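Student: Below is the file my_file.txt, with compact mmCIF, C-alpha atoms.
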```txt
# COMPACT_ATOMS: atom_id res chain seq x y z
CA MET Q 1 7.16 -34.45 7.75
CA THR Q 2 9.07 -31.32 7.00
CA GLU Q 3 7.31 -28.12 6.24
CA GLN Q 4 7.79 -27.09 2.63
CA GLU Q 5 9.60 -23.81 2.38
CA PRO Q 6 8.09 -21.17 0.07
CA ASP Q 7 9.78 -20.75 -3.27
CA LEU Q 8 11.24 -17.28 -3.11
CA ASP Q 9 12.75 -15.87 -6.26
CA PRO Q 10 14.93 -12.83 -5.44
CA ALA Q 11 14.86 -11.71 -9.07
CA ALA Q 12 11.05 -11.65 -9.08
CA ALA Q 13 10.76 -9.35 -6.06
CA PRO Q 14 11.73 -6.13 -7.92
CA ALA Q 15 9.34 -7.02 -10.75
CA ARG Q 16 6.50 -7.52 -8.29
CA GLY Q 17 7.34 -4.18 -6.67
CA ARG Q 18 7.29 -2.38 -10.01
CA ALA Q 19 3.97 -4.03 -10.93
CA SER Q 20 2.45 -2.90 -7.64
CA ALA Q 21 3.75 0.64 -8.14
CA ALA Q 22 2.25 0.72 -11.65
CA ALA Q 23 -1.12 -0.54 -10.38
CA VAL Q 24 -1.48 2.19 -7.73
CA PRO Q 25 -2.11 5.17 -10.08
CA VAL Q 26 -4.41 3.07 -12.26
CA LEU Q 27 -6.54 2.11 -9.26
CA LEU Q 28 -6.64 5.69 -8.01
CA LEU Q 29 -7.64 7.04 -11.42
CA ALA Q 30 -10.41 4.46 -11.70
CA VAL Q 31 -11.78 5.38 -8.27
CA ALA Q 32 -11.64 9.11 -9.07
CA ALA Q 33 -13.40 8.63 -12.41
CA LEU Q 34 -16.10 6.55 -10.75
CA CYS Q 35 -16.68 9.23 -8.10
CA LEU Q 36 -17.04 11.98 -10.71
CA TRP Q 37 -19.32 9.95 -12.95
CA ALA Q 38 -21.58 8.87 -10.07
CA SER Q 39 -21.81 12.45 -8.84
CA SER Q 40 -22.76 13.67 -12.32
CA ARG Q 41 -25.86 11.45 -12.20
CA MET Q 42 -26.97 12.64 -8.77
CA THR Q 43 -29.10 15.69 -7.87
CA TRP Q 44 -27.00 18.64 -6.76
CA VAL Q 45 -29.61 21.40 -6.47
CA ARG Q 46 -33.39 21.50 -6.13
CA VAL Q 47 -35.07 24.70 -7.34
CA GLU Q 48 -38.58 25.85 -6.47
CA SER Q 49 -40.12 28.62 -8.55
CA PHE Q 50 -43.41 30.39 -9.20
CA ASP Q 51 -44.42 32.14 -12.38
CA GLY Q 52 -47.61 33.85 -11.08
CA LEU Q 53 -49.91 31.86 -13.35
CA GLY Q 54 -49.90 28.23 -12.37
CA GLY Q 55 -48.77 26.41 -9.30
CA ALA Q 56 -45.28 26.23 -7.85
CA ARG Q 57 -42.68 24.41 -9.94
CA THR Q 58 -39.89 22.20 -8.65
CA SER Q 59 -36.79 21.49 -10.76
CA GLU Q 60 -33.91 19.18 -9.92
CA LEU Q 61 -30.46 19.86 -11.34
CA ILE Q 62 -28.13 16.88 -11.59
CA GLY Q 63 -24.35 17.13 -11.55
CA GLY Q 64 -24.15 16.96 -15.33
CA THR Q 65 -26.22 20.17 -15.42
CA TRP Q 66 -25.02 22.12 -12.39
CA ALA Q 67 -21.36 21.20 -12.93
CA ALA Q 68 -21.38 20.39 -16.64
CA ALA Q 69 -17.69 19.48 -16.79
CA THR Q 70 -18.04 16.61 -14.31
CA THR Q 71 -18.79 13.92 -16.92
CA PRO Q 72 -16.07 15.01 -19.41
CA LEU Q 73 -13.56 15.15 -16.57
CA ALA Q 74 -14.47 11.60 -15.57
CA LEU Q 75 -13.88 10.46 -19.15
CA THR Q 76 -10.55 12.30 -19.16
CA LEU Q 77 -9.44 10.35 -16.10
CA LEU Q 78 -10.33 7.11 -17.87
CA ALA Q 79 -8.24 8.22 -20.85
CA ALA Q 80 -5.36 8.92 -18.46
CA ILE Q 81 -5.45 5.25 -17.41
CA ALA Q 82 -4.78 4.18 -21.01
CA ALA Q 83 -2.10 6.87 -21.37
CA SER Q 84 -0.31 5.66 -18.23
CA PHE Q 85 0.37 2.34 -20.01
CA ALA Q 86 1.32 3.90 -23.35
CA VAL Q 87 3.85 6.58 -22.38
CA ARG Q 88 6.99 6.82 -20.27
CA GLY Q 89 9.40 9.46 -19.01
CA TRP Q 90 8.54 13.11 -19.56
CA ALA Q 91 5.30 12.23 -21.38
CA LEU Q 92 4.09 10.40 -18.28
CA ARG Q 93 4.91 13.49 -16.21
CA VAL Q 94 2.74 15.53 -18.58
CA VAL Q 95 -0.10 13.06 -18.05
CA GLY Q 96 0.35 13.45 -14.29
CA LEU Q 97 0.14 17.24 -14.58
CA LEU Q 98 -3.01 16.99 -16.72
CA VAL Q 99 -4.60 14.70 -14.13
CA ALA Q 100 -3.80 17.28 -11.45
CA LEU Q 101 -5.50 20.00 -13.53
CA VAL Q 102 -8.54 17.76 -13.99
CA ALA Q 103 -8.72 17.23 -10.24
CA VAL Q 104 -8.64 20.97 -9.55
CA ALA Q 105 -11.26 21.65 -12.22
CA ALA Q 106 -13.56 19.08 -10.60
CA ILE Q 107 -13.02 20.33 -7.04
CA VAL Q 108 -13.78 24.03 -7.76
CA PRO Q 109 -17.57 23.81 -8.41
CA ALA Q 110 -18.08 21.32 -5.59
CA ALA Q 111 -16.22 23.48 -3.09
CA SER Q 112 -18.06 26.56 -4.33
CA LEU Q 113 -21.43 24.90 -3.70
CA LEU Q 114 -20.48 23.66 -0.25
CA ILE Q 115 -18.95 26.97 0.85
CA GLY Q 116 -20.99 29.62 -0.98
CA GLY Q 117 -24.31 27.84 -1.34
CA VAL Q 118 -26.65 28.02 -4.31
CA ASP Q 119 -26.65 31.01 -6.64
CA ASP Q 120 -30.34 31.68 -7.37
CA GLU Q 121 -29.64 33.34 -10.70
CA LYS Q 122 -27.55 30.40 -11.88
CA ALA Q 123 -30.15 27.97 -10.58
CA GLY Q 124 -32.95 29.71 -12.48
CA ARG Q 125 -30.91 29.83 -15.67
CA LEU Q 126 -29.93 26.15 -15.53
CA ALA Q 127 -33.50 25.16 -14.66
CA GLU Q 128 -34.61 26.98 -17.84
CA LEU Q 129 -37.32 28.95 -16.05
CA PRO Q 130 -39.39 31.46 -18.04
CA ASP Q 131 -38.58 35.12 -17.66
CA ARG Q 132 -41.65 35.82 -15.52
CA ALA Q 133 -40.79 32.99 -13.10
CA GLU Q 134 -39.12 33.75 -9.80
CA VAL Q 135 -36.98 31.40 -7.76
CA THR Q 136 -38.65 31.04 -4.37
CA ALA Q 137 -36.37 28.48 -2.73
CA THR Q 138 -33.27 26.40 -3.44
CA GLU Q 139 -31.76 23.39 -1.74
CA ALA Q 140 -28.21 22.09 -2.15
CA PHE Q 141 -27.35 18.41 -1.68
CA THR Q 142 -23.98 17.88 -0.05
CA LEU Q 143 -23.40 14.21 -0.88
CA PRO Q 144 -22.68 14.69 -4.62
CA ALA Q 145 -20.35 17.60 -3.88
CA VAL Q 146 -18.51 15.60 -1.22
CA LEU Q 147 -18.21 12.72 -3.67
CA VAL Q 148 -16.59 15.04 -6.20
CA LEU Q 149 -14.20 16.32 -3.54
CA LEU Q 150 -13.24 12.73 -2.76
CA GLY Q 151 -12.70 12.00 -6.45
CA GLY Q 152 -10.66 15.17 -6.89
CA VAL Q 153 -8.36 14.41 -3.97
CA THR Q 154 -7.94 10.84 -5.23
CA ALA Q 155 -7.03 12.19 -8.68
CA LEU Q 156 -4.41 14.48 -7.12
CA VAL Q 157 -2.84 11.51 -5.36
CA ALA Q 158 -2.90 9.62 -8.67
CA ALA Q 159 -1.14 12.56 -10.35
CA VAL Q 160 1.65 12.43 -7.78
CA ALA Q 161 1.93 8.65 -8.26
CA LEU Q 162 2.19 9.07 -12.05
CA ILE Q 163 4.95 11.65 -11.73
CA ARG Q 164 6.86 9.39 -9.34
CA LYS Q 165 6.34 6.45 -11.68
CA ALA Q 166 7.85 8.50 -14.49
CA GLY Q 167 11.00 9.04 -12.40
CA VAL Q 168 11.26 5.34 -11.54
CA SER Q 169 10.82 4.23 -15.16
CA ALA Q 170 13.51 6.69 -16.26
CA GLY Q 171 15.89 5.24 -13.68
CA LEU Q 172 15.19 1.70 -14.83
CA SER Q 173 15.78 2.68 -18.45
CA SER Q 174 19.22 4.08 -17.63
CA LYS Q 175 20.00 1.02 -15.50
CA TYR Q 176 19.32 -1.37 -18.38
CA ALA Q 177 20.96 0.89 -20.96
CA ALA Q 178 24.33 0.58 -19.16
CA PRO Q 179 24.87 -3.17 -19.84
CA ALA Q 180 24.03 -2.65 -23.50
CA ALA Q 181 26.58 0.13 -23.77
CA ARG Q 182 29.13 -2.01 -21.96
CA ARG Q 183 28.60 -4.91 -24.36
CA GLU Q 184 28.97 -2.61 -27.34
CA GLU Q 185 32.22 -1.23 -25.96
CA ALA Q 186 33.51 -4.72 -25.21
CA GLY Q 187 32.70 -5.88 -28.75
CA SER Q 188 34.57 -2.91 -30.21
CA ARG Q 189 37.61 -3.52 -27.99
CA ALA Q 190 37.60 -7.21 -28.84
CA ALA Q 191 37.71 -6.37 -32.53
CA THR Q 192 40.46 -3.77 -32.34
CA SER Q 193 42.50 -4.26 -29.19
CA LYS Q 194 45.56 -6.55 -29.05
CA GLU Q 195 45.71 -6.53 -25.26
CA PRO Q 196 44.35 -9.53 -23.36
CA LEU Q 197 40.72 -9.08 -22.31
CA SER Q 198 39.40 -9.81 -18.86
CA GLU Q 199 36.88 -12.59 -18.33
CA ARG Q 200 34.06 -10.05 -17.94
CA MET Q 201 35.02 -8.34 -21.18
CA LEU Q 202 35.13 -11.70 -22.97
CA TRP Q 203 31.55 -12.46 -21.95
CA ASP Q 204 30.43 -8.97 -22.92
CA ALA Q 205 32.07 -9.36 -26.31
CA LEU Q 206 30.30 -12.68 -26.84
CA ASP Q 207 26.98 -11.05 -25.90
CA ALA Q 208 27.68 -8.34 -28.48
CA GLY Q 209 28.20 -10.99 -31.21
CA GLU Q 210 31.96 -10.52 -31.47
CA ASP Q 211 34.53 -13.32 -31.36
CA PRO Q 212 37.12 -12.19 -28.78
CA THR Q 213 39.60 -14.82 -30.03
CA ALA Q 214 39.46 -13.76 -33.65
CA GLY Q 215 42.59 -12.15 -34.99
CA GLU Q 216 44.87 -13.41 -32.23
CA VAL Q 217 48.50 -13.48 -33.26
CA ALA Q 218 49.96 -16.93 -32.90
CA GLY Q 219 52.91 -17.31 -30.57
CA PRO Q 220 56.43 -18.37 -31.59
CA ASN Q 221 55.78 -22.01 -30.70
CA ASP Q 222 52.64 -22.03 -32.89
CA GLN Q 223 54.63 -20.66 -35.87
CA ASP Q 224 57.47 -23.16 -35.62
CA GLY Q 225 55.17 -26.13 -35.18
CA PRO Q 226 55.48 -28.84 -32.53
CA GLU Q 227 58.88 -29.48 -31.02
CA PRO Q 228 60.48 -32.81 -32.01
CA ALA Q 229 60.23 -35.59 -29.49
CA GLY Q 230 63.98 -35.70 -28.99
CA GLY Q 231 64.27 -32.02 -28.39
CA THR Q 232 66.53 -29.59 -30.22
CA ASP Q 233 70.26 -30.09 -30.04
CA THR Q 234 71.98 -26.73 -29.71
CA ARG Q 235 75.46 -28.10 -29.02
CA ARG Q 236 78.11 -27.64 -31.59
```
Take the structure from the file and write it as structure tokens.
Tutor:
Amino acid sequence: MTEQEPDLDPAAAPARGRASAAAVPVLLLAVAALCLWASSRMTWVRVESFDGLGGARTSELIGGTWAAATTPLALTLLAAIAASFAVRGWALRVVGLLVALVAVAAIVPAASLLIGGVDDEKAGRLAELPDRAEVTATEAFTLPAVLVLLGGVTALVAAVALIRKAGVSAGLSSKYAAPAARREEAGSRAATSKEPLSERMLWDALDAGEDPTAGEVAGPNDQDGPEPAGGTDTRR
């Protein structure tokens, strides 16, 4: 038995490469959006307070409260996935730049919490404590902030991939526009030119819907008709 060789189609390889390149930013955007959304549902800060009347009060601030833009930014990344399929060229570059801005906007509050810690005044305001209450202790949770940082970095990589994809799609558009222009030129030359066309130009003219043989001037033999079987006697 002979081992069956795999069916390799050289023409399909570039298409598979382009499909893989298009899937990369979509996957990255989906991961980034998931990170931001999951972080928005997790507890970022725990606030303990005392108002002097009752017992101590404990409040937990989730990501959607402490970093209110986290959920809208996650939805924006999901919208960027749809936009990556709908636009090309410079518009896709704009989408990439917007994704980069979203990534930075998501990273800033997470980095601020990890580096600077909890702002007691902000914590008391977001916890909606009464005026007489005093914040006695705060605790920051690092996992949600780290998750946002991961999502932000992933979104930045997706932005770069979208911008590169825009350049590749523009190159492919110009590559496939050239044959169309060549066929149009060949059709025009076939209709107007009296010079013999090359084989390539004949095929291009046919692709353009022009008949390259139309309008040919018949030769002298075609005008005079077929030569008699006995030939022509020119002797006097």
Student: Quick one: everything within 6 Å of Ser49 in chain Q, counting all atoms listed in the file, minus sequence neighbours fewer than 4 positions away in the same chain. Send it as a PyMOL selection string.
Tutor: chain Q and resi 56-57+134-136
Student: Restricting the calculation to all atoms listed in the file: of Q:Ala123, Q:Val102, Q:Ala155, Q:Val45, which residue gets closest to Val31 in chain Q?
Tutor: Q:Ala155
Student: Of the candidates Q:Thr70, Q:Ser84, Q:Ser59, Q:Thr154, which shows the shortest atom-to-atom distance to Arg41 in chain Q, using only C-alpha atoms?
Tutor: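 Between Q:Thr70, Q:Ser84, Q:Ser59, Q:Thr154, the residue approaching Arg41 in chain Q most closely is Q:Thr70.
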Student: Measuring between all atoms listed in the file, which one of Q:Ala103, Q:Leu150, Q:Leu98, Q:Ala145 shows the shortest distance to Gly117 in chain Q?
Tutor: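 Comparing Q:Ala103, Q:Leu150, Q:Leu98, Q:Ala145 against Gly117 in chain Q, the winner is Q:Ala145.
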Student: Which of these, Q:Val157, Q:Ala140, Q:Ala67, Q:Ile163, has the shortest distance to Val118 in chain Q once you count all atoms listed in the file?
Tutor: Q:Ala140
Student: Quick one: pull the distance between CA of Leu97 in chain Q and CA of Ala38 in chain Q, Å, one decimal.
Tutor: 23.7 Å
Student: Rank nothing, just name the residue among Q:Val148, Q:Ala83, Q:Ala111, Q:Thr138 nearest to Ser39 in chain Q, using only C-alpha atoms.
Tutor: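 Among the listed residues, Q:Val148 lies closest to Ser39 in chain Q.
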Student: Separation of CA of Arg132 in chain Q and CA of Leu53 in chain Q, in Å?
Tutor: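 According to the coordinates, CA of Arg132 in chain Q and CA of Leu53 in chain Q are separated by 9.4 Å.
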Student: Fewer than 3 positions away in the same chain doesn't count, so skip those; otherwise give me all residues within 10 Å of Thr76 in chain Q, counting all atoms listed in the file, as a PDB file with C-alpha atoms, in the coordinates of the input.
Tutor:
```
ATOM      1  CA  LEU Q  29      -7.640   7.040 -11.420  1.00  0.00           C
ATOM      2  CA  ALA Q  33     -13.400   8.630 -12.410  1.00  0.00           C
ATOM      3  CA  THR Q  70     -18.040  16.610 -14.310  1.00  0.00           C
ATOM      4  CA  THR Q  71     -18.790  13.920 -16.920  1.00  0.00           C
ATOM      5  CA  PRO Q  72     -16.070  15.010 -19.410  1.00  0.00           C
ATOM      6  CA  LEU Q  73     -13.560  15.150 -16.570  1.00  0.00           C
ATOM      7  CA  ALA Q  79      -8.240   8.220 -20.850  1.00  0.00           C
ATOM      8  CA  ALA Q  80      -5.360   8.920 -18.460  1.00  0.00           C
ATOM      9  CA  ILE Q  81      -5.450   5.250 -17.410  1.00  0.00           C
ATOM     10  CA  LEU Q  98      -3.010  16.990 -16.720  1.00  0.00           C
ATOM     11  CA  VAL Q  99      -4.600  14.700 -14.130  1.00  0.00           C
ATOM     12  CA  VAL Q 102      -8.540  17.760 -13.990  1.00  0.00           C
TER      13      VAL Q 102
END
```
Student: Residues at most 12 Å from Ile115 in chain Q, counting all atoms listed in the file, excluding those fewer than 5 positions away in the same chain, as an NGL selection string?
Tutor: :Q and (107-110 or 140 or 142 or 145-146)
Student: By how many Å are CA of Ala100 in chain Q and CA of Leu143 in chain Q apart?
Tutor: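 CA of Leu143 in chain Q lies at a distance of 22.5 Å from CA of Ala100 in chain Q.
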